[in-house]
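*Asks:* Dumping the structure here so I can ask a few things about it.
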Number of protein chains: 2
Amino acid sequence: MVALTAIFLGTSSAAPTKDRSLPAIALQREGELLLMDCGEGVQREILNQGLGLNRDTTVLVTHLHGDHVTGLLGLLQTMSMAQRTKPLSIVGPPKLLKWLEVTSELLHIGLTFPIRFSPARPGRVFRTKGFTIKVARATHSIEAYSFVAEEQARPGVFYPKKAKALGVPEGKLWSKLQKGRKVRIGTRVVAPSDVTGSTRPGRKVGYSGDTRPSARLARFFAGCDLVIFDSTFSGRDREKAVERKHSTCVEAAELARRAGARRLALTHFSARYTRVSSLVREARRVFPNTVAASDGMRIEVGYPPS
Amino acid sequence: MVALTAIFLGTSSAAPTKDRSLPAIALQREGELLLMDCGEGVQREILNQGLGLNRDTTVLVTHLHGDHVTGLLGLLQTMSMAQRTKPLSIVGPPKLLKWLEVTSELLHIGLTFPIRFSPARPGRVFRTKGFTIKVARATHSIEAYSFVAEEQARPGVFYPKKAKALGVPEGKLWSKLQKGRKVRIGTRVVAPSDVTGSTRPGRKVGYSGDTRPSARLARFFAGCDLVIFDSTFSGRDREKAVERKHSTCVEAAELARRAGARRLALTHFSARYTRVSSLVREARRVFPNTVAASDGMRIEVGYPPS
């Protein structure tokens with residue numbers, strides 16, 4: 001099984017604490033990296049986690065608040081110092097590109113690689129090497145987006161008995177069929193669908209960014225294997241969450257339940273909570289399969305039981 | 001004696017390492033803070049060092065390379081979240097203000113306090129609450145400055161015998177004279193200079209930023225109690241230092257010796273040196289009173305022996 005791993009690089013809200021760096025999450029699959037938000041310090045967390053600066057990387061920026069994006073500058077500069085030549089894909093609010101252009105000029109960031117920028121818009125779909133990225137509108141104080149990263153569909157289960165019955169000898173031809181290609185046996189053509197079950201969906205990870213909960217996001221995250229959601233406040237501080245356009249841990253749990261998600265990781269904790277164990281307890285009453293993200297935590301995303 | 005402390009917040013060169021954050025140094029005196037460069041992560045290092053975000057603070061930016069300045073954004077944002085109202089003084093290259101303005105708008109940084117920006121220019125002198133800041137041109141790949149921060153001069157030594165001889169009774173009047181004010185004894189006026197030695201210069205700290213060594217900087221740092229100098233490379237890698245417009249540890253030591261400085265702190269170490277003890281050894285052969293800065297290190301700056 002190909003590993004799909006969520007690596008939490010920063011789990012604070014707008015201000016860092018001694019234990020939590022600013023928002024950034026890496027999703028790693030077969031050497032490819034998705035970076036969801038790039039809070040200040042992200043390049044150092046990438047270094048600490050041994051993730052490398054020269055991979056196939058797509059940066060997904062949820063919104064243009066400083067705490068979610070300023071780490072991008074140091075990342076670009078250090079990638080250039082490391083002589084990266086591979087293009088870097090960036091998806092984010094349209095003005096992100098303008099900021100990067102102005103800043104690259106004023107701060108003399110001489111890029112050694114091209115940036116492939118795609119403006120985020122609700123409903124847009126992007127394909128990377130191993131993922132399909134979907135975009136939905138989040139509900140925050142400024143233009144903001146949520147993302148779902150979905151693996152490409154896997155081939156269906158292979159049935160050796162069916163292959164044998166159709167006269168396909170074990171070996172290279174089985175492998176061809178498993179990879180989705182037709183084979184010829186004498187004058188007959190055997191199609192993959194003759195010997196395999198239907199294709200199985202890839203794993204799905206959803207990331208809210210900063211947002212109030214919404215019916216839209218519950219639909220958008222439907223069936224996610226892992227949802228990573230804004231949990232700035234305790235359920236007891238719901239008024240503050242409403243006022244500042246964030247979510248509580250309880251609202252995150254309610255949304256994960258409505259979405260039929262398999263697992264929930266709370267993140268973006270306000271610095272007022274020195275320990276977040278009580279927030280996890282509140283959330284688990286609603287959605288038991290909940291964890292609190294912490295800096296350096298890794299979550300292996302498994303396939304749903306078939 | 002009023003403590004004057006240099007606190008190293010980041011001592012890497014352009015890229016951070018696991019042990020070294022990006023360039024930033026705090027100079028602390030009686031609750032006032034000078035922040036010399038603001039590399040990415042500076043707000044978190046300020047938090048780790050317990051320095052506080054609501055002090056009389058002056059930010060001195062040597063040049064507009066990202067690694068020396070991007071941490072300023074998070075600092076401004078977090079100061080605003082903490083509802084700072086005190087003005088923040090910033091001295092730096094003129095285009096710094098433009099970058100802060102563009103960025104504040106695009107990243108929605110709503111400042112709760114005014115910025116008092118002063119463009120750095122060679123020869124300019126700024127006064128803060130407790131310091132006189134002087135500016136010289138550094139020699140780097142782009143417009144760059146070095147700074148000297150000098151305490152206001154201290155009153156001269158007070159001579160009780162002279163005061164008694166002039167009929168000034170011990171107590172409040174002595175205190176007045178010590179503070180530099182005249183006192184009246186009957187029809188006679190006694191001036192501070194009648195009972196004290198000449199004023200004594202304050203302590204001086206010099207910071208090079210990124211630079212090649214130069215005769216100009218040796219003059220500029222003359223008589224500094226502490227010089228903090230670019231030591232990106234070992235003396236064995238002098239060609240790289242010349243090419244990239246930085247200094248070696250040996251060049252830093254030669255400059256400190258020519259300047260007649262009392263103490264030298266090497267900083268801005270290239271990530272290629274996993275241990276910098278050999279760089280200190282090289283420098284000490286030229287200037288014995290040399291230390292290597294490390295993140296979190298504090299240097300108490302003393303008065304010269306009188």
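We name chains A, B, ... following the order of the structure tokens; residues begin at 1 in each chain, and ligands are numbered from 1 as shown.
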Tell me, counting only C-alpha atoms, for each residue of chain B within 8 Å of chain A, which pair of atoms is nearest and how far apart they are in Å to one decimal, in rows ordered by chain and increasing number, as a Markdown table.

*Replies:*
| residue | atom | partner | partner_atom | distance |
| --- | --- | --- | --- | --- |
| B:Ala14 | CA | A:Thr78 | CA | 7.6 |
| B:Ala15 | CA | A:Thr78 | CA | 6.0 |
| B:Pro16 | CA | A:Arg44 | CA | 6.3 |
| B:Thr17 | CA | A:Arg44 | CA | 7.0 |
| B:Lys18 | CA | A:Asn48 | CA | 6.3 |
| B:Glu40 | CA | A:Gly41 | CA | 6.3 |
| B:Gly41 | CA | A:Gly41 | CA | 5.6 |
| B:Arg44 | CA | A:Pro16 | CA | 6.3 |
| B:Leu47 | CA | A:Lys18 | CA | 7.1 |
| B:Asn48 | CA | A:Lys18 | CA | 6.3 |
| B:Leu64 | CA | A:Leu107 | CA | 5.1 |
| B:His65 | CA | A:Leu107 | CA | 5.0 |
| B:Gly66 | CA | A:Leu107 | CA | 5.4 |
| B:Asp67 | CA | A:Gly74 | CA | 6.8 |
| B:Thr70 | CA | A:Thr70 | CA | 7.4 |
| B:Gly71 | CA | A:Glu40 | CA | 7.6 |
| B:Leu73 | CA | A:Gly66 | CA | 7.2 |
| B:Gly74 | CA | A:Asp67 | CA | 6.8 |
| B:Gln77 | CA | A:Gly66 | CA | 7.4 |
| B:Thr78 | CA | A:Ala15 | CA | 6.0 |
| B:Lys95 | CA | A:Leu106 | CA | 7.0 |
| B:Leu96 | CA | A:Leu106 | CA | 7.9 |
| B:Trp99 | CA | A:Leu106 | CA | 6.7 |
| B:Val102 | CA | A:Trp99 | CA | 7.8 |
| B:Thr103 | CA | A:Trp99 | CA | 6.9 |
| B:Leu106 | CA | A:Trp99 | CA | 6.7 |
| B:Leu107 | CA | A:His65 | CA | 5.1 |
| B:His108 | CA | A:His65 | CA | 6.1 |
| B:Ile109 | CA | A:Gly66 | CA | 7.0 |

*Asks:* Might you pull out every residue within 7 Å of segment 89-93 of chain B, with only C-alpha atoms counted and same-chain residues fewer than 2 positions away left off, and present them as JSON, numbers by chain?

*Replies:* {"B": [57, 58, 59, 60, 61, 62, 63, 87, 95, 96, 115, 116, 117, 118, 119, 120]}

*Asks:* Could you turn the residues from that selection into a file that holds N, CA and C atoms, as an mmCIF file, in the first residue's frame?

*Replies:*
data_model
loop_
_atom_site.group_PDB
_atom_site.id
_atom_site.type_symbol
_atom_site.label_atom_id
_atom_site.label_comp_id
_atom_site.auth_asym_id
_atom_site.auth_seq_id
_atom_site.Cartn_x
_atom_site.Cartn_y
_atom_site.Cartn_z
ATOM 1 N N THR B 57 10.263 49.985 21.261
ATOM 2 C CA THR B 57 11.038 49.131 20.354
ATOM 3 C C THR B 57 11.435 49.896 19.102
ATOM 4 N N THR B 58 12.671 49.739 18.714
ATOM 5 C CA THR B 58 13.133 50.266 17.432
ATOM 6 C C THR B 58 13.705 49.101 16.632
ATOM 7 N N VAL B 59 13.191 48.943 15.411
ATOM 8 C CA VAL B 59 13.668 47.882 14.532
ATOM 9 C C VAL B 59 14.690 48.486 13.571
ATOM 10 N N LEU B 60 15.855 47.877 13.495
ATOM 11 C CA LEU B 60 16.898 48.336 12.569
ATOM 12 C C LEU B 60 17.101 47.251 11.518
ATOM 13 N N VAL B 61 16.804 47.571 10.274
ATOM 14 C CA VAL B 61 16.931 46.572 9.200
ATOM 15 C C VAL B 61 18.147 46.922 8.353
ATOM 16 N N THR B 62 19.079 45.984 8.239
ATOM 17 C CA THR B 62 20.324 46.280 7.522
ATOM 18 C C THR B 62 20.143 46.315 6.009
ATOM 19 N N HIS B 63 19.309 45.390 5.475
ATOM 20 C CA HIS B 63 19.134 45.353 4.024
ATOM 21 C C HIS B 63 17.936 44.487 3.672
ATOM 22 N N PRO B 87 3.738 53.606 19.344
ATOM 23 C CA PRO B 87 4.354 53.610 18.007
ATOM 24 C C PRO B 87 5.547 52.659 17.952
ATOM 25 N N LYS B 95 12.989 51.311 0.589
ATOM 26 C CA LYS B 95 11.958 50.465 -0.010
ATOM 27 C C LYS B 95 11.294 49.538 1.009
ATOM 28 N N LEU B 96 11.855 49.425 2.203
ATOM 29 C CA LEU B 96 11.227 48.619 3.242
ATOM 30 C C LEU B 96 9.817 49.122 3.527
ATOM 31 N N ILE B 115 3.471 53.233 12.716
ATOM 32 C CA ILE B 115 4.878 52.952 12.424
ATOM 33 C C ILE B 115 5.580 54.273 12.148
ATOM 34 N N ARG B 116 6.691 54.488 12.817
ATOM 35 C CA ARG B 116 7.508 55.673 12.538
ATOM 36 C C ARG B 116 8.722 55.226 11.760
ATOM 37 N N PHE B 117 8.628 55.388 10.462
ATOM 38 C CA PHE B 117 9.683 54.873 9.597
ATOM 39 C C PHE B 117 10.716 55.946 9.287
ATOM 40 N N SER B 118 11.970 55.629 9.433
ATOM 41 C CA SER B 118 13.061 56.536 9.061
ATOM 42 C C SER B 118 13.966 55.814 8.080
ATOM 43 N N PRO B 119 14.132 56.375 6.880
ATOM 44 C CA PRO B 119 15.025 55.714 5.920
ATOM 45 C C PRO B 119 16.472 55.758 6.410
ATOM 46 N N ALA B 120 17.148 54.629 6.307
ATOM 47 C CA ALA B 120 18.565 54.577 6.669
ATOM 48 C C ALA B 120 19.375 55.276 5.579
#

*Asks:* Going by DSSP on the backbone, which residues of segment 68-219 of chain A come out as alpha helix (DSSP H)? List them as a ChimeraX atom specification.

*Replies:* /A:71-81,95-106,160-165,172-178,192-195,215-219

*Asks:* Calculate how many Å separate atom CA of Arg181 of chain B from atom CA of Arg29 of chain B, rounding to one decimal.

*Replies:*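 So the answer is 24.2 Å.
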
*Asks:* Considering only C-alpha atoms, give me a table of residues in segment 172-211 of chain B that are at most 10 Å from segment 241-250 of chain B, with the closest atom pair and distance in Å for each, as CSV.

*Replies:*
residue,atom,partner,partner_atom,distance
B:Gly209,CA,B:His246,CA,9.3
B:Asp210,CA,B:His246,CA,5.9
B:Thr211,CA,B:His246,CA,4.9

*Asks:* Could you dump the residues just selected with N, CA and C atoms as a PDB file, in the first residue's frame?

*Replies:*
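Listing of out_39.pdb after writing:
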ATOM      1  N   GLY B 209      25.533  43.569   9.983  1.00  0.00           N
ATOM      2  CA  GLY B 209      24.677  43.016   8.929  1.00  0.00           C
ATOM      3  C   GLY B 209      25.544  42.237   7.949  1.00  0.00           C
ATOM      4  N   ASP B 210      25.049  42.021   6.740  1.00  0.00           N
ATOM      5  CA  ASP B 210      25.811  41.282   5.721  1.00  0.00           C
ATOM      6  C   ASP B 210      26.782  42.233   5.047  1.00  0.00           C
ATOM      7  N   THR B 211      28.031  41.903   5.074  1.00  0.00           N
ATOM      8  CA  THR B 211      29.002  42.831   4.474  1.00  0.00           C
ATOM      9  C   THR B 211      30.356  42.177   4.253  1.00  0.00           C
TER      10      THR B 211
END

*Asks:* Quick one, how far is atom CA of Gly296 of chain B from atom CA of Ser208 of chain B?

*Replies:*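 For atom CA of Gly296 of chain B relative to atom CA of Ser208 of chain B, the distance reads 19.3 Å.
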
*Asks:* Calculated over only C-alpha atoms, which of the candidates A:Lys129, A:Lys182, A:Arg281, A:Arg121 has the smallest distance to Glu30 of chain A?

*Replies:*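 So, comparing all the options, the nearest one is A:Lys129.
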
*Asks:* For the atom pair atom CA of Thr132 of chain B and atom CA of Ala222 of chain B, what is the interatomic distance in Å to one decimal place?

*Replies:* 15.3 Å

*Asks:* Excluding Ser13 of chain B and any residue of its chain fewer than 2 positions from it, enumerate the residues within 6 Å of it, using only C-alpha atoms, and give them as JSON, numbers by chain.

*Replies:* {"B": [15, 268, 269, 270]}

*Asks:* Give me, as number ranges by chain, all polymer residues having an atom no more than 9 Å from Ser198 of chain A, counting only C-alpha atoms and skipping those fewer than 2 positions away in the same chain.

*Replies:* A: 155-157, 193, 196, 200

*Asks:* How would the residues just picked look written out with N, CA, C and O atoms as an mmCIF file, in the first residue's frame?

*Replies:*
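Final output, saved to part-v9.cif:
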data_model
loop_
_atom_site.group_PDB
_atom_site.id
_atom_site.type_symbol
_atom_site.label_atom_id
_atom_site.label_comp_id
_atom_site.auth_asym_id
_atom_site.auth_seq_id
_atom_site.Cartn_x
_atom_site.Cartn_y
_atom_site.Cartn_z
ATOM 1 N N PRO A 155 -7.039 0.833 -9.299
ATOM 2 C CA PRO A 155 -7.679 -0.234 -10.083
ATOM 3 C C PRO A 155 -8.488 -1.133 -9.148
ATOM 4 O O PRO A 155 -8.211 -1.207 -7.947
ATOM 5 N N GLY A 156 -9.469 -1.814 -9.685
ATOM 6 C CA GLY A 156 -10.273 -2.725 -8.875
ATOM 7 C C GLY A 156 -9.493 -3.965 -8.447
ATOM 8 O O GLY A 156 -8.360 -4.189 -8.895
ATOM 9 N N VAL A 157 -10.096 -4.766 -7.595
ATOM 10 C CA VAL A 157 -9.464 -6.017 -7.132
ATOM 11 C C VAL A 157 -9.288 -6.962 -8.323
ATOM 12 O O VAL A 157 -10.186 -7.087 -9.170
ATOM 13 N N SER A 193 -11.584 -5.003 -17.228
ATOM 14 C CA SER A 193 -12.879 -5.136 -16.538
ATOM 15 C C SER A 193 -13.373 -6.590 -16.526
ATOM 16 O O SER A 193 -14.226 -6.950 -15.727
ATOM 17 N N THR A 196 -11.177 -7.866 -13.275
ATOM 18 C CA THR A 196 -11.044 -7.090 -12.034
ATOM 19 C C THR A 196 -12.395 -6.539 -11.627
ATOM 20 O O THR A 196 -13.309 -6.405 -12.440
ATOM 21 N N ARG A 200 -11.576 1.418 -7.400
ATOM 22 C CA ARG A 200 -11.863 1.847 -6.034
ATOM 23 C C ARG A 200 -11.386 3.282 -5.856
ATOM 24 O O ARG A 200 -10.292 3.639 -6.330
#

*Asks:* Mind listing the strand (DSSP E) residues of segment 52-266 of chain B, per DSSP on the backbone, as a VMD selection string?

*Replies:* chain B and resid 57 to 60 88 to 92 115 to 119 125 to 127 131 to 137 145 to 151 183 to 185 188 to 190 204 to 207 226 to 230 264 to 266

*Asks:* Smallest atom-to-atom distance to Ser12 of chain A: which of A:Val168, A:Val276, A:Leu111, A:Leu53, using only C-alpha atoms?

*Replies:*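 Looking at the shortest contact to Ser12 of chain A, the residue is A:Val276.
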
*Asks:* Please identify all polymer residues within 10 Å of Arg284 of chain B, counting only C-alpha atoms, omitting same-chain residues fewer than 4 positions from it, and present them as a list in words.

*Replies:*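 Non-adjacent residues within range: Cys249, Val250, Ala253, Glu254, Leu264, Ser278, Leu279, Val280, Pro288, Asn289, Thr290 and Val291 of chain B.
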
*Asks:* Could you list, as JSON, numbers by chain, every residue within 8 Å of Ile133 of chain B, counting only C-alpha atoms and ignoring same-chain residues fewer than 6 positions away?

*Replies:* {"B": [125, 126, 127, 147, 148, 149, 150]}

*Asks:* Those selected residues, please, written with N, CA and C atoms and delivered as a PDB file, in the first residue's frame.

*Replies:*
ATOM      1  N   VAL B 125      21.863  59.904  12.034  1.00  0.00           N
ATOM      2  CA  VAL B 125      21.885  59.622  13.464  1.00  0.00           C
ATOM      3  C   VAL B 125      20.444  59.685  13.970  1.00  0.00           C
ATOM      4  N   PHE B 126      20.040  58.655  14.688  1.00  0.00           N
ATOM      5  CA  PHE B 126      18.691  58.622  15.264  1.00  0.00           C
ATOM      6  C   PHE B 126      18.808  58.543  16.773  1.00  0.00           C
ATOM      7  N   ARG B 127      17.880  59.163  17.460  1.00  0.00           N
ATOM      8  CA  ARG B 127      17.862  59.016  18.910  1.00  0.00           C
ATOM      9  C   ARG B 127      16.635  58.240  19.345  1.00  0.00           C
ATOM     10  N   PHE B 147      25.066  49.301  11.713  1.00  0.00           N
ATOM     11  CA  PHE B 147      24.573  50.198  12.760  1.00  0.00           C
ATOM     12  C   PHE B 147      25.489  50.181  13.975  1.00  0.00           C
ATOM     13  N   VAL B 148      25.584  51.338  14.628  1.00  0.00           N
ATOM     14  CA  VAL B 148      26.169  51.386  15.975  1.00  0.00           C
ATOM     15  C   VAL B 148      25.096  51.950  16.901  1.00  0.00           C
ATOM     16  N   ALA B 149      24.851  51.249  17.996  1.00  0.00           N
ATOM     17  CA  ALA B 149      23.924  51.737  19.021  1.00  0.00           C
ATOM     18  C   ALA B 149      24.752  52.146  20.227  1.00  0.00           C
ATOM     19  N   GLU B 150      24.632  53.412  20.600  1.00  0.00           N
ATOM     20  CA  GLU B 150      25.455  53.946  21.685  1.00  0.00           C
ATOM     21  C   GLU B 150      24.552  54.511  22.769  1.00  0.00           C
TER      22      GLU B 150
END
